[in-house]
Amino acid sequence: MKTKKILMALSSVLFVANANALVRIDIDEGNTKPLPLALTDLQGDNAADNQLGYNITKVIEKNLKSSGLFNIVDRDAFLQSQESLKKDGPNFEQWKPIKVEGLFTGSSKLEGDDVDVINRKAVIEYRLFDVYSDKQTIGKKYTAQVKYWRHLANRISDDIYTSLTGEKGYFTSRIAYIGENVITDARGRKKTIKQLCVMNQDSSSQQCLTDGKSIVLTPRFSPIKQELAYLSYANGRPRVYLLDLTTGQQEIVGSFRGLNSSPRFSPDGEKLLMTLTKDQEGNSEIYEMDLDSRKIKRLTFSPRIDTSPSYSPDGKKIVFNSDRQGRPALFIMDSDGNNVKRLTYGRGSYFAPVWSPRGDMIAFVKQMGGKFHIGVIDVDGDEERLLTEGFLDESPSWSPNGRVIIFSRQVGDVNKIYGIDLTGYNLREIETTSNASDPTWSPLLK
């Protein structure tokens with residue numbers, strides 16, 4: 001299924017922001033007190049302009065609230081009216097009494113006379129003010145077709161997030177997952193079908209890309225483009241596929257004897273790690289495939305199970321899990337398979353490691369005491385923290401900025417997707433149109 005490219009004309013920044021103006025959030029501290037923000041609707045000259053501005057502002061509000069870092073002040077508390085704000089600009093003395101620290105305001109305008117509104121041009125200007133210093137922090141103008149209004153909202157959300165935290169946002173991104181639906185077949189028997197699905201990170205625009213006739217598992221996004229690697233049992237054989245979400249082009253890249261599983265892209269998107277059982281001994285080993293030449297190289301040589309490999313962001317190291325020394329643990333090796341070192345020695349069993357985009361931590365699944373946990377550990381193995389506890393928490397995946405981890409959790413008889421902050425706070429369910437498992441986070445959309 002083809003996914004359209006987002007074509008946008010982005011104007012230059014209107015005003016250069018002072019990088020230190022409103023950065024009051026220490027995002028490395030757990031349970032940070034949310035920063036109070038006032039979001040006023042983007043306004044225009046008519047009802048259509050105002051509706052567009054309202055829709056964009058509501059998406060920005062949802063995005064910022066979901067991060068757990070911002071407190072969106074109730075509009076009933078506003079002392080300055082929208083009319084006054086539009087006519088005279090911010091009166092900071094009317095925002096300070098309600099303890100607002102950041103004020104968002106701006107305009108929305110539809111240009112052109114196309115009968116089909118979504119093809120008209122939207123011009124969005126916004127400004128973010130530091131109320132206590134009486135200064136503008138950032139101001140930008142975006143121009144795009146109306147059909148891309150949600151992408152505009154996500155871009156502005158990223159702008160605000162970056163301005164207030166000092167790190168990149170993650171709102172202009174997607175999440176792919178395995179959708180799970182129970183159906184009744186022609187004989188009246190119930191069965192669960194698994195489909196490859198994708199959505200925006202805010203749960204909008206959900207669509208399934210496979211029909212559910214074959215089991216699909218372990219989707220993994222390329223770190224540099226909108227491309228997925230995943231495992232499919234089409235024709236009864238487990239094979240690794242590549243799917244380009246921009247063009248809809250799909251191809252088989254791994255079709256070897258035995259089990260083909262656990263695909264993971266290299267940081268440059270040119271190689272793919274896989275777990276294969278194709279060799280004579282039949283146990284799971286880690287291989288690297290060059291996607292251009294399709295040549296493969298075996299990286300591990302162990303009589304036990306080696307699986308779930310993940311590259312470091314610089315491509316020089318690979319983390320994986322193995323039971324080569326008894327209970328499943330995490331190991332790190334050079335990208336050529338040399339210098340294998342054990343990373344974890346704690347109680348319990350470790351699975352599904354994935355390296356943070358920041359490079360300083362590795363997320364994993366830990367089974368201990370009848371419970372499953374999503375945890376993180378630094379790359380030297382010196383500090384381990386468990387962020388969640390559940391009956392079955394699995395399949396962690398990092399946001400593009402390394403701030404949030406999404407994972408799947410079994411709740412009763414169904415699977416749901418959850419997100420949690422790196423510090424272990426702001427646990428929340430991420431809405432999907434079906435039961436869902438095995439999430440993976442995309443890079444930022446252009």
# chains A, B, ... in the order shown; residues from 1 in each chain; ligands from 1
call {"tool": "closest_atom_pairs", "arguments": {"of": "stretch 137-238 of chain A", "to": "stretch 38-55 of chain A", "cutoff": "12 Å", "atoms": "only C-alpha atoms", "output": "tab-separated table"}}
result
residue	atom	partner	partner_atom	distance
A:Gln145	CA	A:Leu52	CA	11.7
A:Val146	CA	A:Leu52	CA	8.4
A:Lys147	CA	A:Leu52	CA	10.7
A:Tyr148	CA	A:Leu52	CA	11.2
A:Trp149	CA	A:Leu52	CA	7.8
A:Arg150	CA	A:Asn55	CA	8.2
A:His151	CA	A:Asn55	CA	11.6
A:Leu152	CA	A:Asn55	CA	10.7
A:Ala153	CA	A:Asn55	CA	8.5
A:Asn154	CA	A:Asn55	CA	11.6
A:Ile156	CA	A:Leu42	CA	11.9
A:Ser157	CA	A:Leu39	CA	11.3
A:Ile160	CA	A:Leu39	CA	11.1
call {"tool": "closest_atom_pairs", "arguments": {"of": "stretch 196-288 of chain A", "to": "stretch 407-430 of chain A", "cutoff": "12 Å", "atoms": "only C-alpha atoms", "output": "CSV"}}
result
residue,atom,partner,partner_atom,distance
A:Met199,CA,A:Ile430,CA,10.8
A:Asn200,CA,A:Ile430,CA,10.8
A:Gln201,CA,A:Ile430,CA,8.5
A:Asp202,CA,A:Ile430,CA,7.8
A:Ser203,CA,A:Ile430,CA,6.9
A:Ser204,CA,A:Ile430,CA,10.7
A:Thr218,CA,A:Ser408,CA,11.8
call {"tool": "write_last_selection", "arguments": {"atoms": "C-alpha atoms", "output": "PDB file, in the first residue's frame"}}
result
ATOM      1  CA  MET A 199       0.031   5.155  12.735  1.00  0.00           C
ATOM      2  CA  ASN A 200       1.265   8.585  13.698  1.00  0.00           C
ATOM      3  CA  GLN A 201       2.808   8.755  17.172  1.00  0.00           C
ATOM      4  CA  ASP A 202      -0.365  10.491  18.444  1.00  0.00           C
ATOM      5  CA  SER A 203      -2.456   7.464  17.345  1.00  0.00           C
ATOM      6  CA  SER A 204      -3.952   9.247  14.323  1.00  0.00           C
ATOM      7  CA  THR A 218       8.819  -8.086  14.733  1.00  0.00           C
TER       8      THR A 218
END
call {"tool": "closest_atom_pairs", "arguments": {"of": "stretch 156-269 of chain A", "to": "stretch 274-283 of chain A", "cutoff": "7 Å", "atoms": "only C-alpha atoms", "output": "tab-separated table"}}
result
residue	atom	partner	partner_atom	distance
A:Phe256	CA	A:Lys278	CA	6.1
A:Arg257	CA	A:Lys278	CA	4.8
A:Gly258	CA	A:Lys278	CA	5.1
A:Leu259	CA	A:Thr277	CA	5.4
A:Asn260	CA	A:Leu276	CA	4.8
A:Ser261	CA	A:Thr275	CA	5.1
A:Ser262	CA	A:Met274	CA	5.3
A:Pro263	CA	A:Met274	CA	4.6
A:Arg264	CA	A:Met274	CA	6.7
call {"tool": "closest_residue", "arguments": {"among": "A:Phe372, A:Phe104, A:Tyr233, A:Tyr161", "to": "A:Ala352", "atoms": "only C-alpha atoms"}}
result
A:Phe372
call {"tool": "atom_distance", "arguments": {"atom1": "atom CA of A:Thr307", "atom2": "atom CA of A:Pro353"}}
result
9.6 Å
call {"tool": "closest_atom_pairs", "arguments": {"of": "stretch 206-290 of chain A", "to": "stretch 398-405 of chain A", "cutoff": "12 Å", "atoms": "only C-alpha atoms", "output": "tab-separated table"}}
result
residue	atom	partner	partner_atom	distance
A:Arg220	CA	A:Trp398	CA	11.3
A:Phe221	CA	A:Pro400	CA	10.8
A:Ser222	CA	A:Pro400	CA	11.1
A:Pro223	CA	A:Pro400	CA	8.2
A:Ile224	CA	A:Pro400	CA	10.2
A:Lys225	CA	A:Pro400	CA	11.8
call {"tool": "write_last_selection", "arguments": {"atoms": "C-alpha atoms", "output": "JSON list (two decimals), in the first residue's frame"}}
result
[["chain", "number", "residue", "atom", "x", "y", "z"],
["A", 220, "ARG", "CA", 11.56, -2.70, 12.81],
["A", 221, "PHE", "CA", 11.95, 0.80, 11.36],
["A", 222, "SER", "CA", 15.03, 1.96, 9.53],
["A", 223, "PRO", "CA", 16.69, 4.74, 11.58],
["A", 224, "ILE", "CA", 17.07, 7.00, 8.52],
["A", 225, "LYS", "CA", 13.94, 6.57, 6.38]]
call {"tool": "select_by_dssp", "arguments": {"residues": "stretch 151-358 of chain A", "states": "strand (DSSP E or B)", "output": "PyMOL selection string"}}
result
chain A and resi 174-184+190-200+207-208+216-221+227-232+239-244+250-254+260-265+271-276+285-290+296-298+306-311+317-322+329-334+341-342+349-355
call {"tool": "residues_around", "arguments": {"residues": "stretch 359-364 of chain A", "least_positions_apart": "4", "cutoff": "8 Å", "atoms": "only C-alpha atoms", "output": "ChimeraX atom specification"}}
result
/A:312-314,350-355,374-379,396-397
call {"tool": "closest_atom_pairs", "arguments": {"of": "stretch 179-289 of chain A", "to": "stretch 324-333 of chain A", "cutoff": "12 Å", "atoms": "only C-alpha atoms", "output": "JSON lines"}}
result
{"residue": "A:Asn283", "atom": "CA", "partner": "A:Arg324", "partner_atom": "CA", "distance": 11.5}
{"residue": "A:Ser284", "atom": "CA", "partner": "A:Arg324", "partner_atom": "CA", "distance": 11.2}
{"residue": "A:Glu285", "atom": "CA", "partner": "A:Arg324", "partner_atom": "CA", "distance": 11.3}
{"residue": "A:Ile286", "atom": "CA", "partner": "A:Met333", "partner_atom": "CA", "distance": 11.4}
call {"tool": "write_last_selection", "arguments": {"atoms": "N, CA and C atoms", "output": "PDB file, in the first residue's frame"}}
result
ATOM      1  N   ASN A 283      21.249 -24.138  15.581  1.00  0.00           N
ATOM      2  CA  ASN A 283      20.934 -23.202  16.658  1.00  0.00           C
ATOM      3  C   ASN A 283      20.950 -21.772  16.129  1.00  0.00           C
ATOM      4  N   SER A 284      20.411 -20.841  16.921  1.00  0.00           N
ATOM      5  CA  SER A 284      20.264 -19.453  16.482  1.00  0.00           C
ATOM      6  C   SER A 284      21.600 -18.723  16.537  1.00  0.00           C
ATOM      7  N   GLU A 285      21.980 -18.127  15.422  1.00  0.00           N
ATOM      8  CA  GLU A 285      23.187 -17.323  15.346  1.00  0.00           C
ATOM      9  C   GLU A 285      22.861 -15.980  14.692  1.00  0.00           C
ATOM     10  N   ILE A 286      23.716 -14.991  14.925  1.00  0.00           N
ATOM     11  CA  ILE A 286      23.491 -13.646  14.414  1.00  0.00           C
ATOM     12  C   ILE A 286      24.295 -13.433  13.129  1.00  0.00           C
TER      13      ILE A 286
END
call {"tool": "residues_around", "arguments": {"residues": "A:Lys191", "least_positions_apart": "4", "cutoff": "9 Å", "atoms": "only C-alpha atoms", "output": "PyMOL selection string"}}
result
chain A and resi 181-185
call {"tool": "write_last_selection", "arguments": {"atoms": "N, CA and C atoms", "output": "PDB file, in the first residue's frame"}}
result
ATOM      1  N   ASN A 181      -6.460  -9.004  15.889  1.00  0.00           N
ATOM      2  CA  ASN A 181      -7.911  -9.037  15.912  1.00  0.00           C
ATOM      3  C   ASN A 181      -8.406 -10.472  15.957  1.00  0.00           C
ATOM      4  N   VAL A 182      -9.439 -10.705  16.738  1.00  0.00           N
ATOM      5  CA  VAL A 182     -10.067 -12.022  16.805  1.00  0.00           C
ATOM      6  C   VAL A 182     -11.219 -12.050  15.812  1.00  0.00           C
ATOM      7  N   ILE A 183     -11.190 -13.008  14.903  1.00  0.00           N
ATOM      8  CA  ILE A 183     -12.248 -13.142  13.897  1.00  0.00           C
ATOM      9  C   ILE A 183     -12.862 -14.534  13.981  1.00  0.00           C
ATOM     10  N   THR A 184     -14.013 -14.683  13.364  1.00  0.00           N
ATOM     11  CA  THR A 184     -14.677 -15.981  13.284  1.00  0.00           C
ATOM     12  C   THR A 184     -14.617 -16.462  11.848  1.00  0.00           C
ATOM     13  N   ASP A 185     -14.044 -17.650  11.626  1.00  0.00           N
ATOM     14  CA  ASP A 185     -13.894 -18.139  10.255  1.00  0.00           C
ATOM     15  C   ASP A 185     -15.194 -18.763   9.755  1.00  0.00           C
TER      16      ASP A 185
END
call {"tool": "residues_around", "arguments": {"residues": "A:Leu64", "least_positions_apart": "3", "cutoff": "12 Å", "atoms": "only C-alpha atoms", "output": "compact mmCIF listing (two decimals) with N, CA and C atoms, in the first residue's frame"}}
result
# COMPACT_ATOMS: atom_id res chain seq x y z
N PRO A 34 5.82 19.60 35.91
CA PRO A 34 5.51 20.08 34.56
C PRO A 34 5.53 21.59 34.46
N LEU A 35 6.01 22.09 33.33
CA LEU A 35 6.09 23.53 33.09
C LEU A 35 4.72 24.05 32.67
N PRO A 36 4.19 25.09 33.33
CA PRO A 36 2.87 25.63 32.97
C PRO A 36 2.90 26.40 31.65
N LEU A 37 2.10 25.96 30.69
CA LEU A 37 2.01 26.60 29.39
C LEU A 37 0.57 27.00 29.11
N ALA A 38 0.41 28.15 28.49
CA ALA A 38 -0.90 28.57 28.00
C ALA A 38 -0.88 28.50 26.48
N LEU A 39 -1.81 27.72 25.92
CA LEU A 39 -1.92 27.58 24.47
C LEU A 39 -3.20 28.28 24.02
N THR A 57 -4.05 23.64 17.15
CA THR A 57 -3.74 23.89 18.56
C THR A 57 -4.09 22.69 19.44
N LYS A 58 -5.19 22.00 19.14
CA LYS A 58 -5.60 20.84 19.94
C LYS A 58 -4.59 19.70 19.80
N VAL A 59 -4.04 19.52 18.61
CA VAL A 59 -3.02 18.47 18.44
C VAL A 59 -1.75 18.84 19.22
N ILE A 60 -1.36 20.11 19.16
CA ILE A 60 -0.19 20.56 19.93
C ILE A 60 -0.42 20.31 21.42
N GLU A 61 -1.60 20.62 21.88
CA GLU A 61 -1.92 20.41 23.30
C GLU A 61 -1.82 18.94 23.68
N SER A 67 3.70 14.14 26.81
CA SER A 67 5.11 14.02 27.19
C SER A 67 5.31 13.98 28.70
N GLY A 68 4.31 14.50 29.45
CA GLY A 68 4.42 14.56 30.90
C GLY A 68 5.28 15.70 31.40
N LEU A 69 5.80 16.52 30.50
CA LEU A 69 6.71 17.60 30.89
C LEU A 69 6.03 18.96 30.97
N PHE A 70 4.78 19.03 30.51
CA PHE A 70 4.10 20.32 30.44
C PHE A 70 2.71 20.24 31.05
N ASN A 71 2.35 21.30 31.76
CA ASN A 71 1.01 21.45 32.31
C ASN A 71 0.29 22.50 31.47
N ILE A 72 -0.71 22.07 30.71
CA ILE A 72 -1.46 22.99 29.86
C ILE A 72 -2.53 23.67 30.71
N VAL A 73 -2.40 24.97 30.90
CA VAL A 73 -3.28 25.73 31.79
C VAL A 73 -4.69 25.79 31.21
N ALA A 153 1.07 20.66 12.82
CA ALA A 153 0.88 20.67 14.28
C ALA A 153 1.99 19.91 14.98
N ASN A 154 2.39 18.79 14.41
CA ASN A 154 3.46 18.01 15.02
C ASN A 154 4.81 18.72 14.90
N ARG A 155 5.03 19.42 13.78
CA ARG A 155 6.28 20.17 13.63
C ARG A 155 6.36 21.29 14.68
N ILE A 156 5.25 21.98 14.88
CA ILE A 156 5.23 23.05 15.88
C ILE A 156 5.42 22.47 17.28
N SER A 157 4.82 21.30 17.54
CA SER A 157 5.01 20.63 18.83
C SER A 157 6.49 20.33 19.07
N ASP A 158 7.17 19.86 18.04
CA ASP A 158 8.61 19.59 18.16
C ASP A 158 9.39 20.87 18.42
N ASP A 159 8.99 21.96 17.74
CA ASP A 159 9.66 23.24 17.96
C ASP A 159 9.57 23.65 19.42
N ILE A 160 8.36 23.59 19.97
CA ILE A 160 8.13 24.01 21.35
C ILE A 160 8.90 23.11 22.31
N TYR A 161 8.82 21.81 22.09
CA TYR A 161 9.52 20.84 22.94
C TYR A 161 11.02 21.13 22.96
N THR A 162 11.59 21.36 21.78
CA THR A 162 13.02 21.63 21.68
C THR A 162 13.39 22.93 22.39
N LEU A 164 11.95 24.34 24.88
CA LEU A 164 11.78 24.31 26.33
C LEU A 164 12.60 23.23 27.03
N THR A 165 13.12 22.26 26.30
CA THR A 165 13.90 21.19 26.93
C THR A 165 15.35 21.17 26.48
N GLY A 169 12.52 17.05 19.56
CA GLY A 169 11.22 16.45 19.84
C GLY A 169 11.07 15.11 19.14
N TYR A 170 9.89 14.53 19.26
CA TYR A 170 9.64 13.23 18.63
C TYR A 170 8.22 13.14 18.08
N PHE A 171 7.54 14.26 17.92
CA PHE A 171 6.13 14.24 17.56
C PHE A 171 5.89 14.03 16.07
N ASP A 202 0.77 10.06 17.62
CA ASP A 202 -0.36 10.49 18.44
C ASP A 202 -1.60 9.62 18.23
call {"tool": "atom_distance", "arguments": {"atom1": "atom CA of A:Ser81", "atom2": "atom CA of A:Ser107"}}
result
14.9 Å
call {"tool": "atom_distance", "arguments": {"atom1": "atom CA of A:Glu101", "atom2": "atom CA of A:Thr137"}}
result
11.4 Å
call {"tool": "select_by_dssp", "arguments": {"residues": "stretch 66-164 of chain A", "states": "alpha helix (DSSP H)", "output": "ChimeraX atom specification"}}
result
/A:66,82-88,149-164
call {"tool": "residues_around", "arguments": {"residues": "A:Gln80", "least_positions_apart": "4", "cutoff": "10 Å", "atoms": "only C-alpha atoms", "output": "JSON list (two decimals) with N, CA and C atoms, in the first residue's frame"}}
result
[["chain", "number", "residue", "atom", "x", "y", "z"],
["A", 84, "SER", "N", -8.23, 40.54, 22.63],
["A", 84, "SER", "CA", -7.18, 41.46, 23.07],
["A", 84, "SER", "C", -5.80, 40.96, 22.64],
["A", 85, "LEU", "N", -5.60, 39.66, 22.76],
["A", 85, "LEU", "CA", -4.31, 39.08, 22.39],
["A", 85, "LEU", "C", -4.04, 39.27, 20.90],
["A", 89, "GLY", "N", -1.47, 42.06, 21.22],
["A", 89, "GLY", "CA", -0.34, 41.23, 21.62],
["A", 89, "GLY", "C", -0.40, 40.87, 23.10],
["A", 90, "PRO", "N", 0.56, 40.10, 23.61],
["A", 90, "PRO", "CA", 0.50, 39.63, 24.99],
["A", 90, "PRO", "C", 0.61, 40.77, 26.01],
["A", 91, "ASN", "N", -0.26, 40.75, 26.99],
["A", 91, "ASN", "CA", -0.15, 41.59, 28.17],
["A", 91, "ASN", "C", 0.38, 40.69, 29.28],
["A", 92, "PHE", "N", 1.68, 40.67, 29.47],
["A", 92, "PHE", "CA", 2.30, 39.70, 30.36],
["A", 92, "PHE", "C", 1.79, 39.81, 31.79],
["A", 93, "GLU", "N", 1.37, 40.98, 32.21],
["A", 93, "GLU", "CA", 0.89, 41.16, 33.57],
["A", 93, "GLU", "C", -0.43, 40.44, 33.80],
["A", 94, "GLN", "N", -1.12, 40.04, 32.72],
["A", 94, "GLN", "CA", -2.36, 39.29, 32.86],
["A", 94, "GLN", "C", -2.12, 37.78, 32.79],
["A", 95, "TRP", "N", -0.91, 37.40, 32.54],
["A", 95, "TRP", "CA", -0.57, 35.96, 32.51],
["A", 95, "TRP", "C", 0.22, 35.53, 33.75]]
call {"tool": "residues_around", "arguments": {"residues": "A:Gly346", "least_positions_apart": "3", "cutoff": "10 Å", "atoms": "only C-alpha atoms", "output": "JSON, numbers by chain"}}
result
{"A": [329, 343, 349, 350, 366, 368, 381, 384]}
call {"tool": "closest_residue", "arguments": {"among": "A:Arg237, A:Arg298, A:Lys446, A:Lys121", "to": "A:Thr172", "atoms": "only C-alpha atoms"}}
result
A:Lys446
